[in-house]
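This is final.pdb (PDB, C-alpha atoms).
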```pdb
MODEL        1
ATOM      1  CA  MET S   1     312.554   5.660 193.259
ATOM      2  CA  SER S   2     310.009   5.117 190.447
ATOM      3  CA  ILE S   3     309.926   6.457 186.917
ATOM      4  CA  ILE S   4     306.677   7.922 185.572
ATOM      5  CA  PRO S   5     306.052   9.634 182.251
ATOM      6  CA  GLN S   6     305.565  13.396 182.202
ATOM      7  CA  PRO S   7     303.379  14.359 179.211
ATOM      8  CA  SER S   8     303.984  18.067 179.707
ATOM      9  CA  LEU S   9     307.715  17.489 179.233
ATOM     10  CA  GLY S  10     307.432  15.871 175.827
ATOM     11  CA  GLY S  11     307.168  12.303 177.078
ATOM     12  CA  LYS S  12     310.412  12.519 179.103
ATOM     13  CA  LYS S  13     310.600  10.389 182.193
ATOM     14  CA  MET S  14     311.343  12.131 185.493
ATOM     15  CA  PRO S  15     312.066  10.522 188.886
ATOM     16  CA  LEU S  16     309.375  10.870 191.566
ATOM     17  CA  SER S  17     309.909  10.178 195.271
ATOM     18  CA  ILE S  18     307.698   7.375 196.569
ATOM     19  CA  ASP S  19     307.707   8.989 200.023
ATOM     20  CA  LEU S  20     306.358  12.253 198.612
ATOM     21  CA  ALA S  21     303.584  10.424 196.796
ATOM     22  CA  ALA S  22     302.654   8.506 199.951
ATOM     23  CA  ILE S  23     302.422  11.698 201.998
ATOM     24  CA  SER S  24     300.215  13.386 199.409
ATOM     25  CA  TRP S  25     297.888  10.375 199.316
ATOM     26  CA  ALA S  26     297.669  10.314 203.128
ATOM     27  CA  ASN S  27     296.771  14.025 203.225
ATOM     28  CA  TYR S  28     294.071  13.429 200.612
ATOM     29  CA  MET S  29     292.524  10.555 202.544
ATOM     30  CA  SER S  30     292.626  12.460 205.854
ATOM     31  CA  LYS S  31     290.665  15.341 204.307
ATOM     32  CA  ARG S  32     287.941  12.919 203.203
ATOM     33  CA  LEU S  33     287.408  11.916 206.826
ATOM     34  CA  VAL S  34     286.731  15.491 207.950
ATOM     35  CA  ARG S  35     283.095  16.309 208.558
ATOM     36  CA  PHE S  36     282.055  19.829 209.440
ATOM     37  CA  GLY S  37     279.018  20.450 211.648
ATOM     38  CA  GLU S  38     275.843  21.973 210.325
ATOM     39  CA  GLY S  39     275.719  25.709 209.961
ATOM     40  CA  TRP S  40     273.373  28.110 211.722
ATOM     41  CA  GLN S  41     269.763  27.337 210.991
ATOM     42  CA  GLY S  42     266.506  29.001 211.899
ATOM     43  CA  GLU S  43     265.928  32.662 212.718
ATOM     44  CA  SER S  44     268.613  35.258 212.262
ATOM     45  CA  PRO S  45     270.574  36.142 215.413
ATOM     46  CA  SER S  46     269.283  39.079 217.433
ATOM     47  CA  TRP S  47     270.552  40.840 220.565
ATOM     48  CA  GLU S  48     267.271  42.567 221.296
ATOM     49  CA  GLY S  49     266.418  42.380 224.986
ATOM     50  CA  ARG S  50     269.635  40.534 225.874
ATOM     51  CA  GLY S  51     271.573  43.449 227.288
ATOM     52  CA  GLU S  52     271.305  46.972 228.556
ATOM     53  CA  ALA S  53     271.704  50.026 226.418
ATOM     54  CA  ILE S  54     275.213  51.305 225.826
ATOM     55  CA  LYS S  55     276.097  53.972 228.367
ATOM     56  CA  THR S  56     278.675  56.692 227.990
ATOM     57  CA  GLN S  57     281.124  57.667 230.700
ATOM     58  CA  ASP S  58     283.011  60.859 231.359
ATOM     59  CA  ARG S  59     286.653  60.917 230.390
ATOM     60  CA  GLY S  60     289.097  60.416 233.265
ATOM     61  CA  VAL S  61     290.820  63.523 234.598
ATOM     62  CA  PRO S  62     294.252  63.228 236.268
ATOM     63  CA  ILE S  63     294.413  64.284 239.899
ATOM     64  CA  THR S  64     296.959  67.096 240.171
ATOM     65  CA  ASP S  65     296.164  68.226 243.703
ATOM     66  CA  ARG S  66     299.117  67.115 245.828
ATOM     67  CA  ALA S  67     297.049  67.143 249.018
ATOM     68  CA  TRP S  68     294.896  64.339 247.592
ATOM     69  CA  TRP S  69     297.941  62.077 247.244
ATOM     70  CA  GLU S  70     299.449  62.787 250.683
ATOM     71  CA  GLY S  71     299.272  59.765 252.942
ATOM     72  CA  ARG S  72     298.539  57.437 250.032
ATOM     73  CA  TYR S  73     301.177  54.762 249.366
ATOM     74  CA  VAL S  74     300.975  54.918 245.596
ATOM     75  CA  LEU S  75     304.361  56.254 244.563
ATOM     76  CA  CYS S  76     307.747  56.036 246.253
ATOM     77  CA  PRO S  77     309.244  59.552 246.112
ATOM     78  CA  VAL S  78     312.998  60.084 246.071
ATOM     79  CA  ARG S  79     314.753  63.042 247.684
ATOM     80  CA  LEU S  80     318.200  64.132 246.552
ATOM     81  CA  ARG S  81     320.365  66.676 248.354
ATOM     82  CA  ALA S  82     323.877  67.910 247.682
ATOM     83  CA  GLN S  83     326.218  70.754 248.460
ATOM     84  CA  THR S  84     326.743  72.880 245.348
ATOM     85  CA  GLU S  85     328.710  76.049 244.737
ATOM     86  CA  SER S  86     325.564  78.106 245.354
ATOM     87  CA  GLY S  87     324.709  76.261 248.578
ATOM     88  CA  THR S  88     322.584  73.280 249.546
ATOM     89  CA  LEU S  89     320.367  72.060 246.745
ATOM     90  CA  GLU S  90     317.514  69.654 247.427
ATOM     91  CA  VAL S  91     315.206  68.084 244.844
ATOM     92  CA  GLU S  92     312.168  65.949 245.556
ATOM     93  CA  LEU S  93     311.031  63.589 242.809
ATOM     94  CA  PRO S  94     307.549  62.209 243.584
ATOM     95  CA  ASP S  95     307.539  59.903 240.557
ATOM     96  CA  ALA S  96     310.552  57.586 240.735
ATOM     97  CA  VAL S  97     311.354  53.920 240.225
ATOM     98  CA  ALA S  98     314.592  52.495 241.644
ATOM     99  CA  ALA S  99     316.481  49.275 240.958
ATOM    100  CA  VAL S 100     319.474  48.019 242.946
ATOM    101  CA  SER S 101     322.009  45.220 242.503
ATOM    102  CA  ARG S 102     325.118  44.114 244.357
ATOM    103  CA  GLU S 103     327.845  41.500 244.053
ATOM    104  CA  ASN S 104     330.557  40.076 246.277
ATOM    105  CA  ARG S 105     334.195  40.491 245.336
ATOM    106  CA  ILE S 106     335.797  37.054 245.269
ATOM    107  CA  VAL S 107     339.267  36.087 244.007
ATOM    108  CA  SER S 108     339.468  32.610 242.470
ATOM    109  CA  THR S 109     342.879  30.917 242.363
ATOM    110  CA  GLY S 110     343.586  27.759 240.397
ATOM    111  CA  LEU S 111     345.854  25.050 241.850
ATOM    112  CA  VAL S 112     348.056  22.670 239.876
ATOM    113  CA  GLY S 113     346.694  19.149 239.759
ATOM    114  CA  ARG S 114     343.383  20.046 241.336
ATOM    115  CA  ASP S 115     340.039  20.646 239.713
ATOM    116  CA  GLY S 116     338.178  23.825 240.486
ATOM    117  CA  THR S 117     339.558  26.897 242.201
ATOM    118  CA  VAL S 118     340.115  28.216 245.695
ATOM    119  CA  LYS S 119     337.800  31.120 246.459
ATOM    120  CA  GLU S 120     338.909  33.992 248.630
ATOM    121  CA  TYR S 121     336.262  36.416 249.823
ATOM    122  CA  ILE S 122     337.508  40.002 249.617
ATOM    123  CA  ASN S 123     334.524  42.184 250.456
ATOM    124  CA  THR S 124     331.053  43.175 249.377
ATOM    125  CA  GLY S 125     330.908  45.557 246.449
ATOM    126  CA  ASP S 126     328.983  48.784 246.155
ATOM    127  CA  TRP S 127     325.299  48.874 245.349
ATOM    128  CA  ALA S 128     324.557  49.670 241.722
ATOM    129  CA  VAL S 129     321.574  52.023 241.756
ATOM    130  CA  ASN S 130     319.464  52.800 238.704
ATOM    131  CA  LEU S 131     316.769  55.449 238.949
ATOM    132  CA  VAL S 132     314.096  56.375 236.433
ATOM    133  CA  VAL S 133     312.480  59.611 237.556
ATOM    134  CA  GLY S 134     309.746  61.790 236.124
ATOM    135  CA  VAL S 135     310.087  65.558 236.222
ATOM    136  CA  GLN S 136     306.968  67.724 236.020
ATOM    137  CA  ALA S 137     306.333  71.445 236.087
ATOM    138  CA  VAL S 138     304.817  72.485 239.413
ATOM    139  CA  ARG S 139     303.455  75.996 239.907
ATOM    140  CA  ASP S 140     302.100  76.999 243.333
ATOM    141  CA  GLY S 141     301.873  73.363 244.384
ATOM    142  CA  VAL S 142     299.847  72.343 241.317
ATOM    143  CA  ILE S 143     301.141  70.505 238.252
ATOM    144  CA  ALA S 144     301.132  72.973 235.369
ATOM    145  CA  ASP S 145     300.483  72.238 231.720
ATOM    146  CA  GLU S 146     303.923  73.293 230.480
ATOM    147  CA  TYR S 147     307.316  71.757 229.876
ATOM    148  CA  PRO S 148     309.341  71.383 233.121
ATOM    149  CA  GLY S 149     312.371  73.323 231.917
ATOM    150  CA  ASP S 150     313.188  74.944 235.259
ATOM    151  CA  GLU S 151     312.799  71.695 237.186
ATOM    152  CA  LEU S 152     315.018  69.846 234.703
ATOM    153  CA  ARG S 153     317.764  72.492 235.007
ATOM    154  CA  GLU S 154     317.644  72.208 238.780
ATOM    155  CA  LEU S 155     317.951  68.437 238.619
ATOM    156  CA  ARG S 156     320.855  68.673 236.195
ATOM    157  CA  GLN S 157     322.672  71.078 238.512
ATOM    158  CA  LEU S 158     322.364  68.567 241.318
ATOM    159  CA  LEU S 159     323.423  65.582 239.187
ATOM    160  CA  ASP S 160     326.518  67.454 237.959
ATOM    161  CA  THR S 161     327.802  67.779 241.526
ATOM    162  CA  LYS S 162     331.345  66.390 241.862
ATOM    163  CA  ALA S 163     330.609  64.790 245.210
ATOM    164  CA  ALA S 164     328.404  62.232 246.880
ATOM    165  CA  ILE S 165     324.688  63.018 246.877
ATOM    166  CA  GLU S 166     322.436  62.262 249.811
ATOM    167  CA  VAL S 167     319.461  60.169 248.763
ATOM    168  CA  HIS S 168     316.384  59.022 250.630
ATOM    169  CA  SER S 169     313.438  56.863 249.697
ATOM    170  CA  GLU S 170     311.491  54.149 251.456
ATOM    171  CA  PHE S 171     312.813  51.601 248.977
ATOM    172  CA  LEU S 172     316.504  52.567 249.178
ATOM    173  CA  ALA S 173     316.357  52.759 252.978
ATOM    174  CA  ILE S 174     315.626  49.020 253.063
ATOM    175  CA  PHE S 175     319.101  48.421 251.571
ATOM    176  CA  ASP S 176     320.799  51.047 253.798
ATOM    177  CA  ILE S 177     321.592  53.259 250.820
ATOM    178  CA  THR S 178     321.885  56.872 251.984
ATOM    179  CA  LYS S 179     324.471  58.314 249.601
ATOM    180  CA  ILE S 180     325.157  57.785 245.921
ATOM    181  CA  VAL S 181     327.720  58.921 243.373
ATOM    182  CA  ILE S 182     326.385  59.659 239.902
ATOM    183  CA  LYS S 183     328.034  57.712 237.079
ATOM    184  CA  ASN S 184     325.883  58.949 234.208
ATOM    185  CA  TYR S 185     322.388  60.119 233.383
ATOM    186  CA  ALA S 186     320.347  60.362 230.204
ATOM    187  CA  ALA S 187     317.166  62.030 228.988
ATOM    188  CA  THR S 188     315.236  61.856 225.723
ATOM    189  CA  GLN S 189     313.120  64.876 224.849
ATOM    190  CA  MET S 190     309.424  64.339 225.461
ATOM    191  CA  THR S 191     307.193  66.910 223.784
ATOM    192  CA  GLU S 192     303.855  65.146 224.015
ATOM    193  CA  ALA S 193     303.182  66.101 227.644
ATOM    194  CA  ASN S 194     304.285  68.211 230.604
ATOM    195  CA  TYR S 195     306.548  65.380 231.680
ATOM    196  CA  GLN S 196     310.207  64.507 231.285
ATOM    197  CA  ALA S 197     311.737  61.136 232.151
ATOM    198  CA  VAL S 198     315.382  60.963 233.247
ATOM    199  CA  SER S 199     317.444  57.792 233.721
ATOM    200  CA  ILE S 200     320.158  57.935 236.380
ATOM    201  CA  SER S 201     322.936  55.404 236.945
ATOM    202  CA  ALA S 202     324.828  55.594 240.235
ATOM    203  CA  VAL S 203     326.727  53.601 242.868
ATOM    204  CA  SER S 204     326.307  53.709 246.611
ATOM    205  CA  ASP S 205     328.781  55.553 248.811
ATOM    206  CA  GLU S 206     329.491  55.161 252.503
ATOM    207  CA  ASP S 207     331.451  57.200 254.994
ATOM    208  CA  CYS S 208     334.541  55.379 256.197
ATOM    209  CA  GLU S 209     337.492  56.133 258.464
ATOM    210  CA  ILE S 210     341.000  54.837 257.738
ATOM    211  CA  TYR S 211     343.424  54.426 260.620
ATOM    212  CA  SER S 212     347.169  53.961 260.332
ATOM    213  CA  ASN S 213     349.548  52.384 262.832
ATOM    214  CA  GLU S 214     352.557  54.061 261.217
ATOM    215  CA  TYR S 215     353.736  57.369 262.657
TER     216      TYR S 215
ENDMDL
END
```

I'd like the structure from this file rewritten - as structure tokens, please.
Amino acid sequence: MSIIPQPSLGGKKMPLSIDLAAISWANYMSKRLVRFGEGWQGESPSWEGRGEAIKTQDRGVPITDRAWWEGRYVLCPVRLRAQTESGTLEVELPDAVAAVSRENRIVSTGLVGRDGTVKEYINTGDWAVNLVVGVQAVRDGVIADEYPGDELRELRQLLDTKAAIEVHSEFLAIFDITKIVIKNYAATQMTEANYQAVSISAVSDEDCEIYSNEY
């Protein structure tokens, strides 16, 4: 440390770090070595003759004709079907995104005097299925410019079924998922368009037969 006088403090001496002074001097010297290139000289810049005239383009219009989309692998529709009190209810959701995950059930047992655990495979768990679907108002086969209230009520009636729901999509078929049980679903009101997104959380379900040797 060095002691230097501070005139602004009435001649009192204050400690000053030598390291701080060295860093400041190094920064000052490094700035003196900087040399900027020359600025633009000559005629002023001009874009005349260097490009075509700006052209306008018509605004894009969404394609609402279902026949145009048939046979085109753009979306992966999901079909849900269940037996309700009023009969069989089937809903087709052309705009859907699915995500699946699965884990194995394994019991780990620790042994005295041995590092690690002994793993015992029990079985493979159910598929966890998450769906994000879009509900739109369709009138006479054409998407209408109105809120899909009727379609949302129909979907809710199906999701409230207290039984397994048959499900089919090209994506879920890859994982042999044909039935699901709804755990929960959620929707946030969307008033900016004729569209309503719904998030669905479910688990896969399979038919099984249990036999007993006891009579």

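From CA of Asp65 in chain S back to CA of Ile165 in chain S, the distance works out to 29.2 Å.
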
Starting from the shown file, work through the PyMOL selection byres ((chain S and resi 163) around 12) and note down what comes out as number ranges by chain.
S: 81-85, 158-162, 164-166, 179-183, 202, 204-205

Quote the spacing between CA of Val129 in chain S and CA of Tyr195 in chain S in Å to one decimal place.
22.5 Å

Neighbour list for Thr117 in chain S as JSON, numbers by chain, cut-off 6 Å, all atoms listed in the file, skip fewer than 3 positions in-chain:
{"S": [108, 109, 110]}

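Proximity of S:Arg153, S:His168, S:Lys119, S:Arg114 to Cys76 in chain S, computed with all atoms listed in the file, is greatest for S:His168.
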
Final all heavy atoms of range 150-161 of chain S as a PDB file, keeping the file's coordinate frame:
```
ATOM      1  N   ASP S 150     312.501  74.495 234.050  1.00  0.00           N
ATOM      2  CA  ASP S 150     313.188  74.944 235.259  1.00  0.00           C
ATOM      3  C   ASP S 150     313.509  73.770 236.171  1.00  0.00           C
ATOM      4  O   ASP S 150     314.601  73.694 236.752  1.00  0.00           O
ATOM      5  CB  ASP S 150     312.316  75.965 236.002  1.00  0.00           C
ATOM      6  CG  ASP S 150     312.113  77.236 235.192  1.00  0.00           C
ATOM      7  OD1 ASP S 150     312.947  77.501 234.298  1.00  0.00           O
ATOM      8  OD2 ASP S 150     311.123  77.950 235.438  1.00  0.00           O
ATOM      9  N   GLU S 151     312.569  72.848 236.322  1.00  0.00           N
ATOM     10  CA  GLU S 151     312.799  71.695 237.186  1.00  0.00           C
ATOM     11  C   GLU S 151     313.903  70.797 236.628  1.00  0.00           C
ATOM     12  O   GLU S 151     314.698  70.238 237.393  1.00  0.00           O
ATOM     13  CB  GLU S 151     311.504  70.884 237.317  1.00  0.00           C
ATOM     14  CG  GLU S 151     310.436  71.516 238.191  1.00  0.00           C
ATOM     15  CD  GLU S 151     309.720  72.678 237.518  1.00  0.00           C
ATOM     16  OE1 GLU S 151     309.920  72.871 236.298  1.00  0.00           O
ATOM     17  OE2 GLU S 151     308.969  73.395 238.204  1.00  0.00           O
ATOM     18  N   LEU S 152     313.980  70.681 235.308  1.00  0.00           N
ATOM     19  CA  LEU S 152     315.018  69.846 234.703  1.00  0.00           C
ATOM     20  C   LEU S 152     316.399  70.483 234.877  1.00  0.00           C
ATOM     21  O   LEU S 152     317.392  69.793 235.117  1.00  0.00           O
ATOM     22  CB  LEU S 152     314.707  69.632 233.221  1.00  0.00           C
ATOM     23  CG  LEU S 152     315.537  68.571 232.497  1.00  0.00           C
ATOM     24  CD1 LEU S 152     315.379  67.213 233.168  1.00  0.00           C
ATOM     25  CD2 LEU S 152     315.148  68.484 231.031  1.00  0.00           C
ATOM     26  N   ARG S 153     316.479  71.801 234.780  1.00  0.00           N
ATOM     27  CA  ARG S 153     317.764  72.492 235.007  1.00  0.00           C
ATOM     28  C   ARG S 153     318.226  72.313 236.448  1.00  0.00           C
ATOM     29  O   ARG S 153     319.420  72.131 236.715  1.00  0.00           O
ATOM     30  CB  ARG S 153     317.614  73.970 234.673  1.00  0.00           C
ATOM     31  CG  ARG S 153     317.407  74.267 233.193  1.00  0.00           C
ATOM     32  CD  ARG S 153     317.428  75.761 232.923  1.00  0.00           C
ATOM     33  NE  ARG S 153     317.151  76.051 231.526  1.00  0.00           N
ATOM     34  CZ  ARG S 153     315.939  76.295 231.054  1.00  0.00           C
ATOM     35  NH1 ARG S 153     314.889  76.297 231.875  1.00  0.00           N
ATOM     36  NH2 ARG S 153     315.753  76.550 229.768  1.00  0.00           N
ATOM     37  N   GLU S 154     317.288  72.379 237.380  1.00  0.00           N
ATOM     38  CA  GLU S 154     317.644  72.208 238.780  1.00  0.00           C
ATOM     39  C   GLU S 154     318.152  70.799 239.046  1.00  0.00           C
ATOM     40  O   GLU S 154     319.132  70.602 239.777  1.00  0.00           O
ATOM     41  CB  GLU S 154     316.426  72.520 239.653  1.00  0.00           C
ATOM     42  CG  GLU S 154     316.720  72.498 241.148  1.00  0.00           C
ATOM     43  CD  GLU S 154     315.487  72.830 241.967  1.00  0.00           C
ATOM     44  OE1 GLU S 154     314.375  72.485 241.521  1.00  0.00           O
ATOM     45  OE2 GLU S 154     315.632  73.419 243.050  1.00  0.00           O
ATOM     46  N   LEU S 155     317.502  69.814 238.449  1.00  0.00           N
ATOM     47  CA  LEU S 155     317.951  68.437 238.619  1.00  0.00           C
ATOM     48  C   LEU S 155     319.321  68.231 238.000  1.00  0.00           C
ATOM     49  O   LEU S 155     320.181  67.547 238.575  1.00  0.00           O
ATOM     50  CB  LEU S 155     316.932  67.480 237.994  1.00  0.00           C
ATOM     51  CG  LEU S 155     317.292  65.994 238.041  1.00  0.00           C
ATOM     52  CD1 LEU S 155     317.444  65.509 239.473  1.00  0.00           C
ATOM     53  CD2 LEU S 155     316.252  65.163 237.294  1.00  0.00           C
ATOM     54  N   ARG S 156     319.549  68.819 236.842  1.00  0.00           N
ATOM     55  CA  ARG S 156     320.855  68.673 236.195  1.00  0.00           C
ATOM     56  C   ARG S 156     321.948  69.287 237.056  1.00  0.00           C
ATOM     57  O   ARG S 156     323.044  68.722 237.182  1.00  0.00           O
ATOM     58  CB  ARG S 156     320.836  69.335 234.826  1.00  0.00           C
ATOM     59  CG  ARG S 156     322.182  69.231 234.117  1.00  0.00           C
ATOM     60  CD  ARG S 156     322.289  70.131 232.926  1.00  0.00           C
ATOM     61  NE  ARG S 156     323.656  70.153 232.437  1.00  0.00           N
ATOM     62  CZ  ARG S 156     324.104  70.949 231.478  1.00  0.00           C
ATOM     63  NH1 ARG S 156     323.278  71.812 230.908  1.00  0.00           N
ATOM     64  NH2 ARG S 156     325.361  70.899 231.090  1.00  0.00           N
ATOM     65  N   GLN S 157     321.682  70.443 237.656  1.00  0.00           N
ATOM     66  CA  GLN S 157     322.672  71.078 238.512  1.00  0.00           C
ATOM     67  C   GLN S 157     323.058  70.173 239.676  1.00  0.00           C
ATOM     68  O   GLN S 157     324.228  70.084 240.060  1.00  0.00           O
ATOM     69  CB  GLN S 157     322.124  72.405 239.053  1.00  0.00           C
ATOM     70  CG  GLN S 157     323.115  73.172 239.920  1.00  0.00           C
ATOM     71  CD  GLN S 157     322.525  74.468 240.457  1.00  0.00           C
ATOM     72  OE1 GLN S 157     321.388  74.832 240.129  1.00  0.00           O
ATOM     73  NE2 GLN S 157     323.279  75.169 241.290  1.00  0.00           N
ATOM     74  N   LEU S 158     322.072  69.469 240.210  1.00  0.00           N
ATOM     75  CA  LEU S 158     322.364  68.567 241.318  1.00  0.00           C
ATOM     76  C   LEU S 158     323.131  67.336 240.845  1.00  0.00           C
ATOM     77  O   LEU S 158     324.076  66.891 241.495  1.00  0.00           O
ATOM     78  CB  LEU S 158     321.055  68.165 241.993  1.00  0.00           C
ATOM     79  CG  LEU S 158     321.164  67.375 243.298  1.00  0.00           C
ATOM     80  CD1 LEU S 158     320.033  67.754 244.235  1.00  0.00           C
ATOM     81  CD2 LEU S 158     321.143  65.879 243.045  1.00  0.00           C
ATOM     82  N   LEU S 159     322.753  66.786 239.695  1.00  0.00           N
ATOM     83  CA  LEU S 159     323.423  65.582 239.187  1.00  0.00           C
ATOM     84  C   LEU S 159     324.849  65.858 238.735  1.00  0.00           C
ATOM     85  O   LEU S 159     325.672  64.937 238.681  1.00  0.00           O
ATOM     86  CB  LEU S 159     322.610  64.990 238.026  1.00  0.00           C
ATOM     87  CG  LEU S 159     321.200  64.491 238.366  1.00  0.00           C
ATOM     88  CD1 LEU S 159     320.508  63.969 237.116  1.00  0.00           C
ATOM     89  CD2 LEU S 159     321.242  63.417 239.440  1.00  0.00           C
ATOM     90  N   ASP S 160     325.162  67.098 238.389  1.00  0.00           N
ATOM     91  CA  ASP S 160     326.518  67.454 237.959  1.00  0.00           C
ATOM     92  C   ASP S 160     327.456  67.719 239.132  1.00  0.00           C
ATOM     93  O   ASP S 160     328.623  68.072 238.928  1.00  0.00           O
ATOM     94  CB  ASP S 160     326.475  68.689 237.058  1.00  0.00           C
ATOM     95  CG  ASP S 160     325.906  68.365 235.686  1.00  0.00           C
ATOM     96  OD1 ASP S 160     325.916  67.179 235.308  1.00  0.00           O
ATOM     97  OD2 ASP S 160     325.447  69.299 234.990  1.00  0.00           O
ATOM     98  N   THR S 161     326.970  67.545 240.353  1.00  0.00           N
ATOM     99  CA  THR S 161     327.802  67.779 241.526  1.00  0.00           C
ATOM    100  C   THR S 161     328.943  66.772 241.575  1.00  0.00           C
ATOM    101  O   THR S 161     328.741  65.567 241.401  1.00  0.00           O
ATOM    102  CB  THR S 161     326.957  67.665 242.813  1.00  0.00           C
ATOM    103  OG1 THR S 161     325.886  68.602 242.743  1.00  0.00           O
ATOM    104  CG2 THR S 161     327.792  67.951 244.036  1.00  0.00           C
TER     105      THR S 161
END
```
